[in-house]
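Q: Sharing a structure, written as structure tokens. Questions coming.
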Amino acid sequence: MQNPENVTRILFEGFPTWMLVAFYFVAAAAIGCFSYGCYIQVRKYCRGKPSAVRNLGAGLWEMSKAVLSHRTIRRRDKFAGHSHAMIFFGFTVLFIGTSIITLQYDILQPLAGITFWHGSFYLWFSLCIDIAGLALVVGLILMMIRRKWFCLPKLDYTRSDRAPGDSDYNRDGYRREDWLFLWLLVLISVTGFVLEADRLVWLQQDPSVWSHRWWSPVGAVIALSMRGVGLSPGGAEELRYFLWWLHGLLAFSFLAILPFTKAKHIFTGIGSLSIRDPHPAARLPKANLESEVIGYQEITDLSWEHLVQLDACTRCGRCHEACPANATGFPLSPRDLILSLRELSATKLEGGLSTADLGLRTTGGGPNQVRSDTLWSCRTCAACVEICPVGIEHVPIIVEMRRSLVESGEMESTLQSALQQIQGKGNSFGENKRKRAAWTKNLDFKIKDSRKDAVDVLWFVGDFASLDPGYQKVSLAFARILSAAGIDFGIIYEAELNAGNDVRRAGEEGLYQHLAESNIDTLGKCKFKRIVTTDPHSFNTIKNEYPDFGGKFNVEHASTFIGRLLDEGLITLARPLGYRATYHDPCHLGRLNRGFSAPREVLGTLGVELVEMDRTKENSFCCGAGGGRIWMADPVDMQKPSENRVQEAAAIDDLEVLVVSCPKCMNMLEDAVKSTGNQNKFKVKELIELVDEAMGSSSVAARAIEPENVA
């Protein structure tokens with residue numbers, strides 16, 4: 001009777017010596033190519049600049065959770081997520097299985113005489129490998145079906161920033177590489193199964209093989225089919241050599257080319273997720289203003305982490321699909337920008353590096369360079385960063401490149417004018433500093449000056465909330481709410497400067513640092529318990545970026561603060577509003593700082609029927625104001641992101657109010673409601689306005705804003 005513990009597979013059974021030598025020679029050559037390719041990639045990354053040390057332990061933990069759960073890949077594309085999970089886990093198990101065989105045959109057995117690949121371990125090993133191989137093949141076929149027949153726009157590599165006549169317009173090579181990657185893995189897997197089946201037919205007379213065939217279920221089914229068409233043991237033995245070499249050469253070819261192809265994302269994707277900043281768009285890197293070069297002027301100016309992230313891109317197109325600039329026809333695709341930089345880094349950094357090579361520049365009109373209008377199209381809304389499954393930091397990369405453009409004076413005149421006004425007057429409206437608090441004269445009470453009096457709440461008002469005529473009514477409403485709730489609050493009047501959030505994202509780092517340090521100095525001389533602001537842009541930079549300059553404050557957005565006042569019963573509501581409304585998540589409050597629940601809870605308390613748009617919360621569609629774009633004119637013949645967003649809201653039946661919680665969003669969406677012809681269908685209202693209305697105070701405590709007080 002056959003002893004189950006003797007069941008095994010002799011790896012090179014029947015191989016002549018020359019064939020065995022040839023096998024190890026080919027294996028060594030493939031490993032050599034792989035090692036050399038890895039060396040080239042690592043050398044390329046080392047040519048990047050060092051950057052701030054991040055918490056690698058926390059990064060590895062977050063990467064492990066993301067990889068094992070596949071949450072970043074399943075998000076908004078479950079078909080791709082489940083298919084990739086089958087590919088990933090199938091490939092991983094097969095890799096582990098191959099490593100186990102290598103461990104016994106090439107290390108433990110020849111060095112220590114230790115064998116373990118037999119008996120029950122071998123049988124369970126065989127079953128696991130078959131299941132993993134089947135999962136891999138199914139996942140690959142599903143991805144092929146998705147790529148071929150789903151016709152997804154995000155998988156179209158047509159470039160939005162190039163014309164058909166440009167030398168780097170055609171990216172058909174990427175499409176061919178995608179198919180090569182899929183077919184190569186399919187062929188490796190299928191030839192492995194056929195080789196397994198051929199062995200079963202060849203050794204069918206051996207009870208230790210044929211009687212245990214169902215421990216290799218896929219191979220067993222194929223073996224029965226091969227026997228059914230008349231394959232004899234002798235024929236299977238002859239066929240085995242061909243199948244062995246076909247399978248082996250395919251596998252070794254994959255190993256050899258891995259560092260040079262899309263397949264490298266197996267390593268760089270894991271690396272990118274491990275080293276990424278947990279808040280890449282909310283907290284931008286601090287620039288050394290004393291440095292000879294500011295920003296990413298040349299490809300060698302990129303940090304080594306960002307060079308790794310360029311190679312992590314799998315061209316999945318999710319950032320391309322999520323980008324509001326791309327969706328409305330602007331010449332920006334985050335994917336194409338990353339690929340351009342990757343091609344530039346591969347061309348210039350993988351070979352010999354000449355520091356005199358002018359082709360190292362990241363911006364320009366040449367091949368693999370990024371054009372300035374592409375960079376200025378970005379809203380820094382971080383939709384690309386949010387959705388990227390491998391953690392690429394598109395926004396920090398774009399801002400670093402903008403810093404280089406600002407240094408060389410390559411910017412639109414309207415942006416330059418706004419920055420000059422902020423530098424000279426402290427605000428983007430170019431108004432005298434003394435007008436910043438003129439709106440307060442329309443209240444029937446005096447707001448404290450926090451520079452003189454200690455307060456519980458210091459309200460950092462912001463440019464638009466202070467000087468924009470359309471938003472001043474919201475500032476008046478918020479002041480009334482705070483007063484009615486008995487909050488001890490104050491503002492810093494003309495001492496308040498633009499918080500600098502959008503100045504920084506426009507690439508003017510020097511001005512940003514001046515604004516941040518000035519505001520921190522002013523705030524440091526005031527006595528207060530917390531800062532509250534109605535502006536998500538100010539909220540973001542004070543919370544996330546001022547600490548890098550010594551300004552650590554307890555800062556809160558107005559929506560959260562109002563929510564707490566309602567919960568504590570400090571705000572008395574006169575009536576439920578009963579509006580049918582939808583809510584637009586501001587990028588800087590929602591996506592960047594996860595401020596999703598408070599505004600919705602407030603709306604619920606106000607008796608508002610909330611109907612969500614298709615794109616909401618972390619998938620909210622940017623109004624188009626961020627990244628300094630509010631200071632730049634959009635082309636008249638193109639759809640604005642705000643118009644795209646308003647049309648999405650207009651699709652909701654019987655909508656009465658589009659609710660916002662940001663001065664810039666209100667400005668952009670009010671204009672878009674008019675330009676899209678929806679002004680008679682629904683209104684844009686600030687969350688604060690609705691609270692004021694529900695309190696019954698909006699028409700009682702305020703006087704009309706006098707013309708001389710309008711900024």
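Simple scheme: letters A, B, ... for chains in structure tokens order, numbers from 1 for residues in each chain, numbers from 1 for ligands in the order shown.
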How would you write, as a PyMOL selection string, the set of residues in segment 50-268 of chain A that DSSP gives as helix (DSSP H, G or I)?
A: chain A and resi 56-69+71-74+78-112+119-149+153-155+172-202+207-210+213-215+217-228+233-260+262-268
Q: With a cut-off of 12 Å, could you pull out the residues of segment 185-301 of chain A touching segment 589-605 of chain A and give me the nearest pair of atoms for each, distance in Å to one decimal, using only C-alpha atoms, ordered by chain and ascending number, as CSV?
A:
```
residue,atom,partner,partner_atom,distance
A:Pro278,CA,A:Leu592,CA,10.6
A:His279,CA,A:Leu592,CA,7.6
A:Pro280,CA,A:Leu592,CA,8.9
A:Ala281,CA,A:Leu592,CA,6.8
A:Ala282,CA,A:Leu592,CA,5.5
A:Arg283,CA,A:Leu592,CA,9.2
A:Leu284,CA,A:Leu592,CA,11.7
```
Q: Near segment 500-515 of chain A, counting only C-alpha atoms, which residues have an atom at most 6 Å away, once you skip same-chain residues fewer than 5 positions from it, shown as a list of chain:residue names?
A: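 Close residues of segment 500-515 of chain A: A:Val399, A:Arg402, A:Arg403, A:His537, A:Thr541, A:Gly627, A:Gly628.
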Q: Please, could you write that set of residues out with C-alpha atoms as an mmCIF file, in the first residue's frame?
A:
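Okay, part_27.cif is ready:
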```
data_model
loop_
_atom_site.group_PDB
_atom_site.id
_atom_site.type_symbol
_atom_site.label_atom_id
_atom_site.label_comp_id
_atom_site.auth_asym_id
_atom_site.auth_seq_id
_atom_site.Cartn_x
_atom_site.Cartn_y
_atom_site.Cartn_z
ATOM 1 C CA VAL A 399 2.710 72.785 -6.273
ATOM 2 C CA ARG A 402 4.354 75.819 -9.640
ATOM 3 C CA ARG A 403 6.918 77.185 -7.188
ATOM 4 C CA HIS A 537 -9.159 77.369 3.241
ATOM 5 C CA THR A 541 -3.686 76.046 6.638
ATOM 6 C CA GLY A 627 -5.213 76.483 -5.916
ATOM 7 C CA GLY A 628 -5.425 80.172 -6.775
#
```
Q: Rounded to one decimal in Å, what is the spacing between atom CA of Tyr36 of chain A and atom CA of Pro259 of chain A?
A: 8.6 Å
Q: As a list in words, please: the residues near Ile188 of chain A (cut-off 12 Å, only C-alpha atoms, same-chain neighbours under 5 positions excluded).
A: Phe91, Leu94, Gly133, Leu134, Leu136, Val137, Leu140, Leu180, Phe181, Leu182, Trp183, Phe193, Val194, Leu195, Leu243, Trp244, Trp245, Leu246, His247, Gly248, Leu249, Leu250, Ala251, Phe252, Ser253, Phe254 and Leu255 of chain A
Q: Restricted to C-alpha atoms, what would the selected residues look like written as a tab-separated table (two decimals), in the first residue's frame?
A:
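The resulting file, out-v2.tsv, is shown below:
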```tsv
chain	number	residue	atom	x	y	z
A	91	PHE	CA	0.30	35.75	-7.65
A	94	LEU	CA	2.34	31.27	-6.32
A	133	GLY	CA	-3.27	29.77	-10.02
A	134	LEU	CA	-6.95	29.51	-10.95
A	136	LEU	CA	-4.85	34.46	-10.94
A	137	VAL	CA	-6.10	33.32	-14.36
A	140	LEU	CA	-6.48	38.32	-15.43
A	180	LEU	CA	1.75	42.19	-22.80
A	181	PHE	CA	1.63	42.26	-19.00
A	182	LEU	CA	-1.76	40.53	-18.90
A	183	TRP	CA	-1.00	37.95	-21.59
A	193	PHE	CA	-1.44	24.05	-15.39
A	194	VAL	CA	-0.87	22.20	-18.69
A	195	LEU	CA	2.58	21.10	-17.53
A	243	LEU	CA	6.10	22.49	-21.89
A	244	TRP	CA	8.75	22.72	-19.19
A	245	TRP	CA	10.94	25.03	-21.25
A	246	LEU	CA	8.01	27.07	-22.53
A	247	HIS	CA	6.72	27.62	-19.00
A	248	GLY	CA	10.21	28.27	-17.63
A	249	LEU	CA	11.24	30.72	-20.34
A	250	LEU	CA	8.00	32.66	-19.95
A	251	ALA	CA	8.48	32.86	-16.18
A	252	PHE	CA	12.13	33.86	-16.46
A	253	SER	CA	11.28	36.45	-19.12
A	254	PHE	CA	8.75	38.02	-16.76
A	255	LEU	CA	11.37	38.12	-13.99
```
Q: Tell me which protein, DNA and RNA residues are within 12 Å of Ser475 of chain A, counting only C-alpha atoms, leaving out same-chain ones fewer than 2 positions away, and put them as a VMD selection string.
A: chain A and resid 436 to 443 447 459 to 473 477 to 482 491 533 to 535 558 661 to 663 686 to 689 692 698 702 705
Q: So which one's closest to Ala651 of chain A, A:Gln104, A:Ser518, A:Thr582, A:Thr191? Using only C-alpha atoms, please.
A: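 Smallest distance to Ala651 of chain A is found for A:Thr582.
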Q: Using only C-alpha atoms, can you tell me which of A:Ser274, A:Ser559, A:Ser408, A:Thr414 comes closest to Glu62 of chain A?
A: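 Distance minimum relative to Glu62 of chain A lands on A:Ser274.
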